[in-house]
Amino acid sequence: MARMQGRLQVYTGNGKGKTTAALGLAVRAACAGLRVYIGQFMKGSNYSELCLPRLLPEMISMEQYGTPRLICKGESPEQEDIDAAATGLELLKGAMLSGDYSLVIADELNVTVHMGLLGEEEALGVMMARPPEVEMVVTGRYAPRAFIEAADLVTEMREVCHYYSSQGLEARKGIEY
C-alpha cells in the first residue's frame, strides 16, 4: 500500500468526544489496512478501549502513560506522574519514527502539557519530528496555541449540554470510559 501524506490534527475543547473521535479514526484507519499506535497520557486505569489491540491485534497497538490516580486542576503532579509522561513521550516518539505506523494518536497530550507534566516545547518538538507519511492526532482540553498553529486540522468540541451537570449522571462504562 502506498504511503499517504500525513497531517497533524488537534482535537480540543471542553466538550465530550475528543478521545472518542480519535478512537473512531483509529478503527477507520485499521479497517483500511493502516497500522495505528495509540499512546494515552495521564491514563493508567481500565478504559474500555484497551481491548482494541486484542480485537485488532495486527492493526492497533496501545499503551498508557499514566498512573491510576487522577490529577485534578490546581493540584501539583507527583514525580511519578511527571516520569510517566516523559517515558510516554519517548515511547510515542519511538513509535512515530519507527516506520511501523501510519496513524499515531497522542491521547490527552494537551492536558498533560497544561498540567505541567511535560513542557510545551518538548511535546511540540516531538510533533514537529513527525515523518511526512505519518498522520498524528493530539487530543485533550487546553490545547496550547502553539499546537493549534502547528496543526493542519483543529477541531474544538464545545459543550452545549451535558448530562453530568443537567441530570447529575456519572460516567458510564462503554460510553464515557
# chains A, B, ... in the order shown; residues from 1 in each chain; ligands from 1
call {"tool": "residues_around", "arguments": {"residues": "Gly88 in chain A", "least_positions_apart": "4", "cutoff": "7 Å", "atoms": "only C-alpha atoms", "output": "list in words"}}
result
Phe41, Tyr65, Ala84 and Leu92 of chain A
call {"tool": "write_last_selection", "arguments": {"atoms": "C-alpha atoms", "output": "PDB file, in the first residue's frame"}}
result
ATOM      1  CA  PHE A  41      -1.146  10.202  28.531  1.00  0.00           C
ATOM      2  CA  TYR A  65       1.480   6.561  30.134  1.00  0.00           C
ATOM      3  CA  ALA A  84       5.336   8.514  33.356  1.00  0.00           C
ATOM      4  CA  LEU A  92       5.283   7.825  21.428  1.00  0.00           C
TER       5      LEU A  92
END
call {"tool": "select_by_dssp", "arguments": {"residues": "chain A", "states": "strand (DSSP E)", "output": "ChimeraX atom specification"}}
result
/A:8-12,36-41,60-65,103-107,135-139,153-156
call {"tool": "write_last_selection", "arguments": {"atoms": "N, CA, C and O atoms", "output": "tab-separated table (two decimals), in the first residue's frame"}}
result
chain	number	residue	atom	x	y	z
A	8	LEU	N	-1.21	16.74	10.73
A	8	LEU	CA	-1.29	16.89	12.18
A	8	LEU	C	-2.67	17.41	12.53
A	8	LEU	O	-3.08	18.48	12.06
A	9	GLN	N	-3.40	16.63	13.34
A	9	GLN	CA	-4.74	17.00	13.77
A	9	GLN	C	-4.74	17.23	15.28
A	9	GLN	O	-4.08	16.51	16.01
A	10	VAL	N	-5.50	18.23	15.71
A	10	VAL	CA	-5.67	18.51	17.14
A	10	VAL	C	-7.16	18.52	17.44
A	10	VAL	O	-7.92	19.23	16.77
A	11	TYR	N	-7.57	17.72	18.43
A	11	TYR	CA	-8.95	17.70	18.91
A	11	TYR	C	-8.92	18.27	20.32
A	11	TYR	O	-8.29	17.69	21.21
A	12	THR	N	-9.60	19.38	20.53
A	12	THR	CA	-9.54	20.06	21.82
A	12	THR	C	-10.92	20.60	22.19
A	12	THR	O	-11.90	20.36	21.50
A	36	VAL	N	-1.95	1.42	13.47
A	36	VAL	CA	-2.23	2.53	14.37
A	36	VAL	C	-1.53	2.31	15.70
A	36	VAL	O	-1.53	1.21	16.25
A	37	TYR	N	-0.96	3.40	16.23
A	37	TYR	CA	-0.39	3.40	17.57
A	37	TYR	C	-1.13	4.45	18.39
A	37	TYR	O	-1.25	5.60	17.96
A	38	ILE	N	-1.62	4.04	19.57
A	38	ILE	CA	-2.32	4.96	20.46
A	38	ILE	C	-1.55	5.03	21.77
A	38	ILE	O	-1.37	4.01	22.44
A	39	GLY	N	-1.10	6.22	22.13
A	39	GLY	CA	-0.46	6.46	23.41
A	39	GLY	C	-1.37	7.32	24.26
A	39	GLY	O	-1.75	8.42	23.84
A	40	GLN	N	-1.76	6.82	25.42
A	40	GLN	CA	-2.68	7.55	26.29
A	40	GLN	C	-1.92	8.15	27.47
A	40	GLN	O	-1.49	7.44	28.37
A	41	PHE	N	-1.79	9.48	27.44
A	41	PHE	CA	-1.15	10.20	28.53
A	41	PHE	C	-2.12	10.36	29.68
A	41	PHE	O	-3.33	10.49	29.48
A	60	ILE	N	-3.69	-2.41	15.59
A	60	ILE	CA	-3.69	-1.36	16.60
A	60	ILE	C	-2.82	-1.77	17.79
A	60	ILE	O	-2.99	-2.85	18.35
A	61	SER	N	-1.91	-0.89	18.17
A	61	SER	CA	-1.10	-1.02	19.38
A	61	SER	C	-1.47	0.13	20.31
A	61	SER	O	-1.72	1.25	19.84
A	62	MET	N	-1.49	-0.13	21.61
A	62	MET	CA	-1.89	0.90	22.56
A	62	MET	C	-1.09	0.77	23.85
A	62	MET	O	-0.85	-0.34	24.32
A	63	GLU	N	-0.68	1.92	24.39
A	63	GLU	CA	0.00	1.96	25.68
A	63	GLU	C	-0.55	3.11	26.49
A	63	GLU	O	-0.93	4.15	25.94
A	64	GLN	N	-0.56	2.94	27.81
A	64	GLN	CA	-0.95	4.02	28.71
A	64	GLN	C	0.30	4.57	29.39
A	64	GLN	O	1.17	3.80	29.80
A	65	TYR	N	0.35	5.88	29.50
A	65	TYR	CA	1.48	6.56	30.13
A	65	TYR	C	1.00	7.33	31.34
A	65	TYR	O	1.15	8.54	31.43
A	103	LEU	N	-0.79	5.94	11.51
A	103	LEU	CA	-1.54	6.86	12.38
A	103	LEU	C	-1.02	6.72	13.79
A	103	LEU	O	-0.94	5.61	14.33
A	104	VAL	N	-0.66	7.85	14.39
A	104	VAL	CA	-0.19	7.89	15.78
A	104	VAL	C	-1.09	8.86	16.53
A	104	VAL	O	-1.25	10.02	16.12
A	105	ILE	N	-1.67	8.38	17.64
A	105	ILE	CA	-2.57	9.19	18.44
A	105	ILE	C	-1.93	9.47	19.79
A	105	ILE	O	-1.53	8.53	20.50
A	106	ALA	N	-1.82	10.74	20.14
A	106	ALA	CA	-1.30	11.19	21.43
A	106	ALA	C	-2.50	11.66	22.26
A	106	ALA	O	-2.81	12.85	22.30
A	107	ASP	N	-3.16	10.70	22.89
A	107	ASP	CA	-4.39	10.97	23.63
A	107	ASP	C	-4.08	11.72	24.92
A	107	ASP	O	-3.22	11.29	25.70
A	135	GLU	N	0.22	10.27	9.93
A	135	GLU	CA	-0.88	11.11	10.42
A	135	GLU	C	-0.79	11.10	11.94
A	135	GLU	O	-0.63	10.04	12.55
A	136	MET	N	-0.90	12.25	12.56
A	136	MET	CA	-0.83	12.33	14.02
A	136	MET	C	-2.04	13.09	14.53
A	136	MET	O	-2.42	14.13	13.99
A	137	VAL	N	-2.64	12.53	15.60
A	137	VAL	CA	-3.77	13.16	16.25
A	137	VAL	C	-3.39	13.42	17.70
A	137	VAL	O	-2.92	12.51	18.39
A	138	VAL	N	-3.60	14.65	18.15
A	138	VAL	CA	-3.33	15.05	19.53
A	138	VAL	C	-4.66	15.46	20.15
A	138	VAL	O	-5.36	16.30	19.58
A	139	THR	N	-5.00	14.85	21.29
A	139	THR	CA	-6.29	15.17	21.91
A	139	THR	C	-6.12	15.81	23.27
A	139	THR	O	-5.04	15.80	23.85
A	153	LEU	N	-5.28	20.52	10.97
A	153	LEU	CA	-6.71	20.43	11.24
A	153	LEU	C	-6.89	20.59	12.74
A	153	LEU	O	-6.18	19.95	13.52
A	154	VAL	N	-7.80	21.44	13.14
A	154	VAL	CA	-8.13	21.61	14.56
A	154	VAL	C	-9.64	21.50	14.69
A	154	VAL	O	-10.37	22.20	13.99
A	155	THR	N	-10.08	20.63	15.57
A	155	THR	CA	-11.50	20.51	15.88
A	155	THR	C	-11.68	20.84	17.35
A	155	THR	O	-10.97	20.30	18.20
A	156	GLU	N	-12.60	21.76	17.62
A	156	GLU	CA	-12.90	22.12	19.00
A	156	GLU	C	-14.26	21.55	19.37
A	156	GLU	O	-15.28	21.90	18.77
call {"tool": "closest_residue", "arguments": {"among": "A:Leu50, A:Met157, A:Met59, A:Val111", "to": "Gly33 in chain A", "atoms": "only C-alpha atoms"}}
result
A:Met59
call {"tool": "closest_residue", "arguments": {"among": "A:Ile175, A:Glu80, A:His162, A:Val27", "to": "Pro57 in chain A", "atoms": "only C-alpha atoms"}}
result
A:Val27
call {"tool": "closest_residue", "arguments": {"among": "A:Val126, A:Ala29, A:Cys72, A:Ala171", "to": "Tyr101 in chain A", "atoms": "only C-alpha atoms"}}
result
A:Ala29
call {"tool": "closest_residue", "arguments": {"among": "A:Ala30, A:Ala129, A:Leu124, A:Cys51", "to": "Pro144 in chain A", "atoms": "only C-alpha atoms"}}
result
A:Leu124
call {"tool": "closest_residue", "arguments": {"among": "A:Gly66, A:Pro77, A:Gly44, A:Gly99", "to": "Pro132 in chain A", "atoms": "only C-alpha atoms"}}
result
A:Gly99
call {"tool": "select_by_dssp", "arguments": {"residues": "range 28-58 of chain A", "states": "alpha helix (DSSP H)", "output": "list of chain:residue names"}}
result
A:Arg28, A:Ala29, A:Ala30, A:Cys31, A:Leu52, A:Pro53, A:Arg54, A:Leu55
call {"tool": "atom_distance", "arguments": {"atom1": "CA of Leu70 in chain A", "atom2": "CA of Arg54 in chain A"}}
result
25.7 Å
call {"tool": "closest_residue", "arguments": {"among": "A:Lys73, A:Gly15, A:Glu120, A:Leu56", "to": "Leu34 in chain A", "atoms": "only C-alpha atoms"}}
result
A:Leu56
call {"tool": "atom_distance", "arguments": {"atom1": "CA of Glu121 in chain A", "atom2": "CA of Val134 in chain A"}}
result
20.2 Å
